[in-house]
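Here's upload35.cif, which has mmCIF, C-alpha atoms:
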```cif
data_target
#
loop_
_atom_site.label_atom_id
_atom_site.label_comp_id
_atom_site.auth_asym_id
_atom_site.auth_seq_id
_atom_site.Cartn_x
_atom_site.Cartn_y
_atom_site.Cartn_z
CA MET A 74 -124.36 97.94 -128.94
CA LYS A 75 -124.06 101.65 -129.64
CA PRO A 76 -122.91 103.64 -126.62
CA HIS A 77 -125.75 105.59 -124.98
CA ARG A 78 -125.56 109.37 -124.81
CA TRP A 79 -126.67 110.65 -121.43
CA THR A 80 -128.70 113.81 -120.87
CA ARG A 81 -130.42 115.24 -117.81
CA HIS A 82 -133.75 114.09 -119.19
CA THR A 83 -132.75 110.49 -119.70
CA ALA A 84 -131.77 109.71 -116.15
CA ALA A 85 -134.41 107.04 -115.77
CA LEU A 86 -133.17 105.35 -118.92
CA ALA A 87 -130.25 104.28 -116.78
CA LEU A 88 -132.48 101.65 -115.21
CA LEU A 89 -131.04 99.24 -117.75
CA VAL A 90 -128.21 101.17 -119.38
CA ALA A 91 -125.82 102.12 -116.57
CA LEU A 92 -122.46 100.43 -117.00
CA SER A 93 -120.02 99.71 -114.21
CA LEU A 94 -117.16 97.58 -115.49
CA ALA A 95 -115.04 97.45 -112.35
CA SER A 96 -113.91 93.96 -111.42
CA CYS A 97 -114.34 92.80 -107.86
CA GLY A 98 -111.54 90.23 -107.75
CA LYS A 99 -112.77 88.47 -104.63
CA ALA A 100 -112.00 84.83 -103.89
CA PRO A 101 -114.71 82.24 -104.57
CA PRO A 102 -117.28 82.43 -101.75
CA ASP A 103 -117.00 78.71 -101.10
CA GLY A 104 -113.23 78.88 -100.64
CA GLY A 105 -112.42 76.76 -103.70
CA GLN A 106 -108.78 76.31 -104.62
CA ARG A 107 -107.22 77.36 -107.89
CA ALA A 108 -105.90 74.69 -110.15
CA GLY A 109 -102.84 76.80 -110.95
CA ASP A 110 -100.47 75.54 -113.60
CA LEU A 111 -100.73 71.89 -112.70
CA PRO A 112 -99.79 69.42 -115.42
CA VAL A 113 -102.59 67.94 -117.46
CA ASP A 114 -103.98 64.66 -116.16
CA ALA A 115 -103.43 63.17 -119.60
CA ALA A 116 -104.45 59.60 -118.85
CA PHE A 117 -107.66 60.69 -117.14
CA GLN A 118 -108.46 63.14 -119.93
CA LYS A 119 -107.96 60.51 -122.64
CA LYS A 120 -110.11 57.99 -120.78
CA LEU A 121 -112.98 60.44 -120.18
CA GLN A 122 -112.93 61.69 -123.77
CA GLY A 123 -113.07 58.08 -124.93
CA GLN A 124 -116.00 57.29 -122.64
CA LEU A 125 -117.94 60.25 -123.98
CA LEU A 126 -117.10 59.34 -127.57
CA ASP A 127 -118.03 55.67 -127.15
CA ALA A 128 -121.15 56.22 -125.03
CA LYS A 129 -124.40 54.59 -126.03
CA PRO A 130 -128.00 55.25 -124.94
CA GLY A 131 -128.29 54.11 -121.34
CA SER A 132 -124.60 54.61 -120.53
CA VAL A 133 -123.71 55.87 -117.05
CA ILE A 134 -120.27 57.45 -116.97
CA GLU A 135 -119.02 57.75 -113.40
CA ILE A 136 -116.17 60.12 -112.58
CA PRO A 137 -114.49 59.24 -109.28
CA ALA A 138 -113.59 61.71 -106.57
CA GLY A 139 -110.55 63.81 -107.35
CA SER A 140 -109.38 67.08 -108.81
CA TYR A 141 -108.47 66.66 -112.49
CA HIS A 142 -106.73 69.15 -114.75
CA LEU A 143 -107.77 69.11 -118.42
CA ASP A 144 -106.55 71.29 -121.26
CA ARG A 145 -109.23 70.40 -123.82
CA GLY A 146 -112.97 70.83 -123.80
CA LEU A 147 -115.21 67.78 -123.60
CA SER A 148 -118.20 66.97 -125.81
CA LEU A 149 -121.06 64.49 -125.90
CA ARG A 150 -123.34 63.84 -128.88
CA VAL A 151 -125.12 60.65 -127.81
CA SER A 152 -128.59 60.76 -126.24
CA GLY A 153 -129.60 58.85 -123.14
CA VAL A 154 -126.35 59.30 -121.19
CA THR A 155 -125.78 60.07 -117.49
CA LEU A 156 -122.55 61.77 -116.38
CA LYS A 157 -122.10 61.34 -112.65
CA GLY A 158 -119.44 62.56 -110.27
CA ALA A 159 -118.88 61.71 -106.62
CA GLY A 160 -120.25 65.09 -105.46
CA LEU A 161 -119.68 68.72 -106.34
CA ASP A 162 -117.11 69.04 -103.56
CA LYS A 163 -115.41 65.78 -104.51
CA THR A 164 -115.18 65.57 -108.32
CA ILE A 165 -113.61 68.68 -109.85
CA LEU A 166 -112.72 69.14 -113.52
CA SER A 167 -110.46 72.15 -114.03
CA PHE A 168 -109.94 73.74 -117.46
CA ARG A 169 -107.66 76.47 -116.19
CA ASN A 170 -105.07 76.18 -118.97
CA GLN A 171 -107.49 75.11 -121.69
CA VAL A 172 -105.99 75.25 -125.19
CA ALA A 173 -108.75 73.63 -127.27
CA GLY A 174 -112.53 73.89 -127.31
CA PRO A 175 -114.20 76.98 -125.88
CA GLU A 176 -116.62 75.12 -123.58
CA GLY A 177 -115.77 73.00 -120.60
CA LEU A 178 -118.45 70.49 -121.61
CA LEU A 179 -120.62 70.77 -124.72
CA VAL A 180 -123.63 68.46 -124.95
CA GLN A 181 -125.69 68.09 -128.12
CA ALA A 182 -128.05 65.32 -127.07
CA SER A 183 -131.36 64.53 -125.37
CA ASN A 184 -132.29 62.51 -122.27
CA PHE A 185 -129.13 63.71 -120.60
CA THR A 186 -128.38 63.89 -116.88
CA ILE A 187 -125.33 65.43 -115.24
CA GLU A 188 -124.87 65.47 -111.49
CA GLY A 189 -122.41 65.60 -108.64
CA LEU A 190 -119.38 67.46 -110.01
CA THR A 191 -117.69 70.83 -110.46
CA LEU A 192 -116.51 72.44 -113.70
CA GLU A 193 -114.15 75.33 -113.24
CA ASP A 194 -112.10 77.91 -115.16
CA SER A 195 -113.25 77.00 -118.66
CA GLN A 196 -112.08 79.30 -121.43
CA GLY A 197 -115.68 79.90 -122.53
CA ASP A 198 -119.01 78.59 -121.27
CA ALA A 199 -118.67 75.97 -118.54
CA LEU A 200 -121.59 73.66 -119.40
CA LYS A 201 -123.49 74.23 -122.64
CA ILE A 202 -126.38 71.99 -123.70
CA ASN A 203 -127.69 72.68 -127.17
CA ASP A 204 -130.79 71.38 -128.97
CA GLY A 205 -131.86 68.63 -126.58
CA GLU A 206 -134.88 67.61 -124.54
CA ASN A 207 -135.34 65.95 -121.15
CA ILE A 208 -132.28 67.53 -119.56
CA THR A 209 -131.46 67.22 -115.84
CA ILE A 210 -128.67 69.23 -114.22
CA ARG A 211 -128.41 68.35 -110.54
CA ALA A 212 -125.82 69.29 -107.93
CA VAL A 213 -123.41 70.76 -110.48
CA ARG A 214 -121.12 73.66 -109.62
CA VAL A 215 -119.54 75.94 -112.19
CA ARG A 216 -117.06 78.61 -111.21
CA TRP A 217 -114.16 80.80 -112.19
CA THR A 218 -111.78 80.68 -109.29
CA ASP A 219 -110.13 84.08 -109.76
CA GLY A 220 -113.43 85.81 -109.00
CA PRO A 221 -115.39 88.16 -111.30
CA LYS A 222 -113.42 89.08 -114.45
CA THR A 223 -114.47 90.14 -117.94
CA SER A 224 -112.20 87.44 -119.34
CA ASN A 225 -114.19 84.69 -117.59
CA GLY A 226 -116.49 82.54 -119.67
CA ALA A 227 -119.84 84.12 -120.50
CA TYR A 228 -122.21 81.42 -119.23
CA GLY A 229 -121.98 78.93 -116.40
CA ILE A 230 -124.88 76.51 -116.78
CA TYR A 231 -126.26 77.14 -120.28
CA PRO A 232 -129.06 75.08 -121.85
CA VAL A 233 -130.26 76.70 -125.09
CA LYS A 234 -132.95 75.58 -127.55
CA THR A 235 -133.93 72.81 -125.17
CA ARG A 236 -137.18 71.35 -123.84
CA ASN A 237 -138.11 69.81 -120.49
CA VAL A 238 -135.20 71.14 -118.46
CA LEU A 239 -134.58 70.75 -114.73
CA ILE A 240 -131.74 72.63 -113.03
CA GLU A 241 -131.63 72.01 -109.31
CA ASP A 242 -129.32 72.13 -106.28
CA SER A 243 -126.53 73.65 -108.38
CA GLN A 244 -124.19 76.63 -108.06
CA ALA A 245 -122.67 79.23 -110.37
CA PHE A 246 -119.90 81.71 -109.55
CA GLY A 247 -118.09 84.28 -111.69
CA ALA A 248 -119.72 84.12 -115.14
CA SER A 249 -119.17 87.29 -117.17
CA ASP A 250 -122.72 87.07 -118.57
CA ALA A 251 -125.07 84.74 -116.67
CA GLY A 252 -124.34 82.12 -114.05
CA ILE A 253 -127.45 80.06 -114.79
CA TYR A 254 -128.96 80.85 -118.18
CA VAL A 255 -131.84 79.20 -120.03
CA GLY A 256 -132.47 80.51 -123.54
CA GLN A 257 -134.98 79.82 -126.33
CA SER A 258 -136.31 76.83 -124.44
CA ASN A 259 -139.66 75.40 -123.35
CA GLN A 260 -140.85 73.82 -120.09
CA VAL A 261 -138.14 74.70 -117.57
CA ILE A 262 -137.72 74.44 -113.81
CA VAL A 263 -134.83 76.21 -112.06
CA ARG A 264 -134.92 75.51 -108.32
CA ARG A 265 -132.82 75.44 -105.15
CA ASN A 266 -129.72 76.83 -106.84
CA ARG A 267 -127.22 79.46 -105.76
CA ALA A 268 -125.85 82.14 -108.09
CA GLU A 269 -123.20 84.54 -106.85
CA GLN A 270 -120.55 86.87 -108.30
CA ASN A 271 -121.98 86.70 -111.83
CA VAL A 272 -123.17 89.61 -113.93
CA ALA A 273 -126.64 88.03 -114.12
CA GLY A 274 -127.24 85.46 -111.43
CA ILE A 275 -130.11 83.62 -113.13
CA GLU A 276 -131.41 84.59 -116.56
CA ILE A 277 -134.45 83.27 -118.43
CA GLU A 278 -134.39 84.53 -122.02
CA ASN A 279 -136.86 83.94 -124.88
CA THR A 280 -138.17 80.92 -123.01
CA ILE A 281 -141.73 79.62 -122.78
CA ASN A 282 -143.08 78.28 -119.47
CA ALA A 283 -140.41 78.57 -116.79
CA ASP A 284 -140.66 78.24 -113.01
CA VAL A 285 -137.80 79.81 -111.04
CA TYR A 286 -138.13 79.14 -107.34
CA GLU A 287 -136.30 78.56 -104.04
CA ASN A 288 -133.04 79.92 -105.44
CA VAL A 289 -130.55 82.27 -103.82
CA ALA A 290 -129.23 85.07 -106.04
CA THR A 291 -126.85 87.30 -104.14
CA GLY A 292 -123.74 89.32 -104.84
CA ASN A 293 -124.35 89.51 -108.60
CA THR A 294 -124.81 92.64 -110.72
CA GLY A 295 -128.45 91.61 -111.30
CA GLY A 296 -130.14 88.83 -109.38
CA ILE A 297 -132.82 87.26 -111.60
CA LEU A 298 -133.48 88.44 -115.18
CA VAL A 299 -136.40 87.58 -117.48
CA PHE A 300 -135.67 88.96 -120.95
CA ASN A 301 -137.02 88.79 -124.49
CA MET A 302 -134.46 89.69 -127.12
CA PRO A 303 -135.10 90.27 -130.84
CA ASN A 304 -133.88 88.17 -133.76
CA LEU A 305 -133.89 84.84 -131.93
CA SER A 306 -135.62 81.56 -132.75
CA GLN A 307 -138.65 82.19 -130.52
CA PRO A 308 -140.18 84.82 -128.24
CA GLY A 309 -140.65 83.89 -124.62
CA HIS A 310 -143.59 84.15 -122.24
CA SER A 311 -145.05 82.69 -119.03
CA THR A 312 -142.38 82.76 -116.34
CA ARG A 313 -143.03 82.49 -112.60
CA VAL A 314 -140.37 83.81 -110.20
CA TYR A 315 -141.27 82.90 -106.64
CA LYS A 316 -139.95 81.89 -103.21
CA ASN A 317 -136.44 83.10 -104.08
CA GLN A 318 -133.98 85.10 -102.04
CA VAL A 319 -132.71 87.99 -104.18
CA LEU A 320 -130.32 89.83 -101.91
CA LYS A 321 -127.57 92.44 -102.21
CA ASN A 322 -126.94 92.14 -105.94
CA ASN A 323 -124.61 95.14 -106.04
CA LEU A 324 -121.54 93.81 -107.84
CA GLY A 325 -119.99 96.15 -110.41
CA ASN A 326 -120.90 95.11 -113.96
CA PHE A 327 -117.96 93.28 -115.55
CA ALA A 328 -119.68 92.03 -118.74
CA ALA A 329 -118.04 92.52 -122.11
CA ARG A 330 -119.14 95.71 -123.82
CA GLY A 331 -121.93 95.26 -126.33
CA THR A 332 -123.58 92.32 -124.59
CA ALA A 333 -127.17 92.71 -123.40
CA VAL A 334 -126.28 92.25 -119.74
CA ALA A 335 -123.66 95.00 -119.95
CA SER A 336 -126.66 97.33 -119.71
CA VAL A 337 -127.77 96.00 -116.32
CA PRO A 338 -126.93 98.45 -113.53
CA ALA A 339 -125.27 97.15 -110.42
CA GLY A 340 -127.85 96.89 -107.69
CA SER A 341 -130.64 95.26 -109.72
CA GLY A 342 -132.76 92.64 -107.98
CA VAL A 343 -135.32 91.16 -110.39
CA VAL A 344 -135.32 92.64 -113.92
CA ILE A 345 -138.12 92.05 -116.45
CA ASN A 346 -137.53 93.31 -120.00
CA SER A 347 -139.89 93.03 -122.98
CA ASN A 348 -141.40 89.80 -121.71
CA PRO A 349 -145.11 88.97 -121.37
CA LYS A 350 -146.85 86.98 -118.65
CA VAL A 351 -144.37 87.15 -115.80
CA GLU A 352 -145.26 86.65 -112.14
CA ILE A 353 -143.00 87.79 -109.31
CA PHE A 354 -144.45 86.62 -106.01
CA ASP A 355 -143.58 85.37 -102.52
CA ASN A 356 -139.91 86.33 -102.83
CA ASP A 357 -137.57 87.93 -100.32
CA ILE A 358 -136.00 90.80 -102.27
CA ALA A 359 -133.73 93.09 -100.31
CA ASP A 360 -130.85 95.55 -100.36
CA ASN A 361 -130.43 95.80 -104.14
CA GLN A 362 -129.05 99.31 -104.30
CA THR A 363 -130.51 100.48 -107.63
CA ALA A 364 -133.94 98.85 -107.28
CA ASN A 365 -135.40 95.64 -105.99
CA VAL A 366 -137.51 95.21 -109.16
CA ILE A 367 -137.04 96.82 -112.60
CA ILE A 368 -139.65 96.51 -115.36
CA SER A 369 -138.77 97.89 -118.77
CA SER A 370 -139.37 97.77 -122.50
CA TYR A 371 -136.89 97.32 -125.32
CA PHE A 372 -136.98 101.10 -125.82
CA SER A 373 -135.11 101.66 -122.56
CA THR A 374 -132.36 99.12 -122.87
CA GLY A 375 -129.68 100.83 -124.92
CA TYR A 376 -128.85 97.65 -126.83
CA TYR A 377 -129.81 97.83 -130.46
CA SER A 378 -129.26 95.36 -133.28
CA GLU A 379 -127.36 96.58 -136.30
CA LYS A 380 -129.49 94.17 -138.32
CA GLY A 381 -132.66 95.84 -137.11
CA VAL A 382 -135.49 94.10 -135.31
CA GLU A 383 -137.83 91.61 -136.96
CA ALA A 384 -141.38 92.87 -137.48
CA SER A 385 -142.86 90.28 -135.13
CA TYR A 386 -140.76 91.33 -132.14
CA ASP A 387 -142.82 92.68 -129.26
CA PRO A 388 -140.85 95.29 -127.29
CA TYR A 389 -143.29 95.67 -124.39
CA PRO A 390 -143.60 93.92 -121.05
CA ARG A 391 -147.22 92.73 -120.87
CA GLY A 392 -149.22 90.99 -118.20
CA ILE A 393 -146.70 91.50 -115.39
CA LEU A 394 -147.79 90.69 -111.83
CA VAL A 395 -145.83 91.69 -108.72
CA GLN A 396 -147.59 90.40 -105.65
CA GLY A 397 -146.92 89.26 -102.11
CA ASN A 398 -143.16 89.84 -102.04
CA ARG A 399 -141.24 90.88 -98.95
CA PHE A 400 -139.13 93.93 -99.81
CA SER A 401 -136.61 95.67 -97.61
CA GLY A 402 -133.79 98.12 -98.15
CA GLY A 403 -132.48 98.82 -101.62
CA GLY A 404 -132.78 101.81 -103.93
CA ASP A 405 -130.54 103.89 -101.70
CA SER A 406 -127.35 103.99 -103.80
CA PRO A 407 -128.22 103.50 -107.48
CA ASP A 408 -125.54 102.77 -110.05
CA GLY A 409 -124.44 105.72 -112.18
CA LEU A 410 -124.34 109.48 -111.64
CA ASP A 411 -127.61 110.11 -113.46
CA LEU A 412 -129.53 107.64 -111.34
CA LYS A 413 -127.97 109.09 -108.22
CA ALA A 414 -129.07 112.57 -109.33
CA LEU A 415 -132.60 111.36 -110.04
CA LYS A 416 -132.84 109.70 -106.64
CA LEU A 417 -131.57 112.85 -104.93
CA ALA A 418 -133.99 115.12 -106.83
CA MET A 419 -137.05 113.01 -106.12
CA PHE A 420 -136.39 111.43 -102.73
CA GLY A 421 -133.64 113.45 -101.07
CA LEU A 422 -130.17 112.67 -99.79
CA ASN A 423 -131.31 110.02 -97.35
CA GLY A 424 -134.18 108.73 -99.48
CA ARG A 425 -134.40 105.74 -101.76
CA PHE A 426 -136.07 104.67 -104.96
CA PRO A 427 -139.32 102.74 -104.59
CA ASP A 428 -139.05 98.98 -104.71
CA VAL A 429 -140.39 98.86 -108.29
CA LEU A 430 -138.97 100.98 -111.12
CA TRP A 431 -140.92 101.01 -114.40
CA ASP A 432 -139.91 102.81 -117.59
CA GLY A 433 -143.55 103.68 -118.31
CA PHE A 434 -143.78 102.42 -121.88
CA THR A 435 -147.12 100.85 -122.85
CA ASP A 436 -148.64 99.84 -126.16
CA ALA A 437 -151.32 102.49 -126.83
CA LYS A 438 -153.00 100.22 -129.39
CA ARG A 439 -153.71 97.61 -126.70
CA ALA A 440 -154.16 99.83 -123.68
CA GLY A 441 -157.58 98.36 -122.93
CA VAL A 442 -156.52 94.72 -122.80
CA ALA A 443 -156.94 93.82 -119.14
CA ASP A 444 -154.66 90.77 -119.13
CA GLU A 445 -151.74 92.83 -120.50
CA ARG A 446 -151.62 95.31 -117.62
CA LEU A 447 -148.78 95.86 -115.19
CA CYS A 448 -150.20 94.95 -111.79
CA VAL A 449 -148.27 95.69 -108.61
CA ASP A 450 -150.41 94.49 -105.73
CA ASN A 451 -147.66 94.46 -103.14
CA ALA A 452 -148.36 96.99 -100.38
CA PRO A 453 -146.52 98.83 -98.98
CA ALA A 454 -144.13 98.73 -101.95
CA ALA A 455 -144.32 101.78 -104.23
CA VAL A 456 -143.84 102.09 -108.00
CA LEU A 457 -141.95 104.82 -109.86
CA ASN A 458 -143.03 105.46 -113.47
CA ALA A 459 -139.91 106.88 -115.10
CA ASP A 460 -141.94 108.45 -117.96
CA GLY A 461 -140.09 106.94 -120.89
CA PRO A 462 -142.77 108.04 -123.40
CA GLY A 463 -142.33 111.62 -122.19
CA LYS A 464 -138.58 111.43 -122.63
CA TYR A 465 -138.15 110.88 -118.88
CA LYS A 466 -139.02 114.48 -118.00
CA ASN A 467 -141.76 113.80 -115.46
CA PRO A 468 -141.20 110.65 -113.44
CA LEU A 469 -144.03 110.00 -111.00
CA VAL A 470 -144.91 107.59 -108.23
CA VAL A 471 -147.94 105.68 -109.55
CA THR A 472 -148.48 102.98 -106.95
CA ASP A 473 -152.24 103.22 -106.51
CA ALA A 474 -152.94 103.25 -110.27
CA LEU A 475 -151.29 99.84 -110.63
CA ARG A 476 -153.07 98.01 -107.81
CA CYS A 477 -154.69 95.16 -109.72
CA THR A 478 -154.33 91.46 -110.31
CA LEU A 479 -154.16 89.11 -113.28
CA PRO A 480 -155.15 85.52 -114.12
CA ARG A 481 -152.50 83.26 -112.65
CA LEU A 482 -150.12 81.12 -114.67
CA ALA A 483 -150.15 77.35 -114.35
CA PRO A 484 -147.18 75.58 -112.75
CA VAL A 485 -144.62 74.00 -115.06
CA ALA A 486 -144.86 70.21 -115.17
CA LEU A 487 -141.97 68.12 -116.45
CA PRO A 488 -142.33 64.51 -117.62
CA VAL A 489 -139.61 63.33 -115.22
CA GLY A 490 -138.23 64.86 -112.03
CA GLY A 491 -140.36 68.01 -112.01
#
```
Using structure tokens, write down the structure from this file.
Amino acid sequence: MKPHRWTRHTAALALLVALSLASCGKAPPDGGQRAGDLPVDAAFQKKLQGQLLDAKPGSVIEIPAGSYHLDRGLSLRVSGVTLKGAGLDKTILSFRNQVAGPEGLLVQASNFTIEGLTLEDSQGDALKINDGENITIRAVRVRWTDGPKTSNGAYGIYPVKTRNVLIEDSQAFGASDAGIYVGQSNQVIVRRNRAEQNVAGIEIENTINADVYENVATGNTGGILVFNMPNLSQPGHSTRVYKNQVLKNNLGNFAARGTAVASVPAGSGVVINSNPKVEIFDNDIADNQTANVIISSYFSTGYYSEKGVEASYDPYPRGILVQGNRFSGGGDSPDGLDLKALKLAMFGLNGRFPDVLWDGFTDAKRAGVADERLCVDNAPAAVLNADGPGKYKNPLVVTDALRCTLPRLAPVALPVGG
């Protein structure tokens, strides 16, 4: 990503470009212990690796209660397997001194279930599931026990290019990109999880048909993100974000420079970028100090591909509905000097940004398409149009102009467990 050059007239561009790389360094919120430099549990590691290697469809691999120290990543390439611990507080696999394999556990298989265990301190991603379908992740905790650090693994729970995915009753702490991330996937439910002390708490990227509900995202840089990025295997659309608690996501951004989430300002609640057909409704969204909701186009992000962007990429957010949320606080201490100056100029020393910040970019060629509007029907919440097309010179509050509604999306239905 090329560094962004700030000017007085691009203050609103900071909605998704402000960087704050300070590390918090707090202890895990659940009080988890560090594995330290304990010796490798060699016999256990050999046995578990053998079980994963020798597994057959229908195998159930049970990991007993205990805290186990491994120095090599695990992998599974057989479909139809269940990996089951004794509970996320009872079965703990630590990769603190990992010397081989970037992931804690890499799964390249379908019809896979993992439940009841903790993965911690992996060198890279904690749990990555690639190119599979019918995936269930239940009561799994991933964490980095030294707290937020740029050197932590990028992703906690990380299914990518998957189909029919259920992530429930799980936890993610300390990921330097996203705690719970679903990318380039189809038919996804993310529910009743907790994401804390990550850069992005929960991120849905280039994914088709996702329901994100009854989660708690708090203490992250950004709470819940719905993104479409260029140059990936598929564009995403149709995500419902509802009945979540998105609270106090004000952690300084500690992502590696050049990553997309490095552009997310601390204090972001729900962030929608370049994604069509997104509903944000019936959430409790509060005390996110930059803004409770940010809606933007690719033009405002500050991350650009050196390879260019494929011709089919759509940079606009289209068909976005914000309705029936309960907002409170937030917008009072935005991240970055330019945002602070903009807030002061428009709303005064003791004022705050409106609950919804929008960069103002629309596709003039499709301005009359009713189902592609931005609709914010969420009184008394206000909307600030940052005037991106006008080079951010004349930001305006445009609440009344956006009071509308859209056809509602259908719930996601999974073949099993949804």
From atom CA of Gly340 of chain A to atom CA of Ala251 of chain A the spacing works out at 15.4 Å
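Every protein, DNA or RNA residue with an atom at most 9 Å from Asp250 of chain A, where all atoms listed in the file count and chain neighbours fewer than 5 positions away do not, is listed here: A:Thr223, A:Asn225, A:Gly226, A:Ala227, A:Tyr228, A:Gly229, A:Asn271, A:Val272, A:Ala273, A:Gly274, A:Phe327, A:Ala328, A:Ala329, A:Thr332, A:Ala333, A:Val334, A:Ala335.
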So which residues touch Leu482 of chain A within 8 Å, counting all atoms listed in the file, skipping near sequence neighbours fewer than 3 positions away, as a ChimeraX atom specification?
-> /A:311,313,350,352
Find the smallest box with edges along x, y and z containing every listed atom of segment 155-162 of chain A, then add 8 Å on each side and report centre and edge lengths in Å to one decimal, as JSON.
```
{"center_x": -121.4, "center_y": 64.6, "center_z": -110.5, "size_x": 24.7, "size_y": 25.0, "size_z": 29.9}
```
Might you spell out which residues the PyMOL selection byres ((chain A and resi 358) around 7) would select in the displayed file, as an NGL selection string?
-> :A and (318-320 or 342 or 356-357 or 359 or 365 or 399-401)
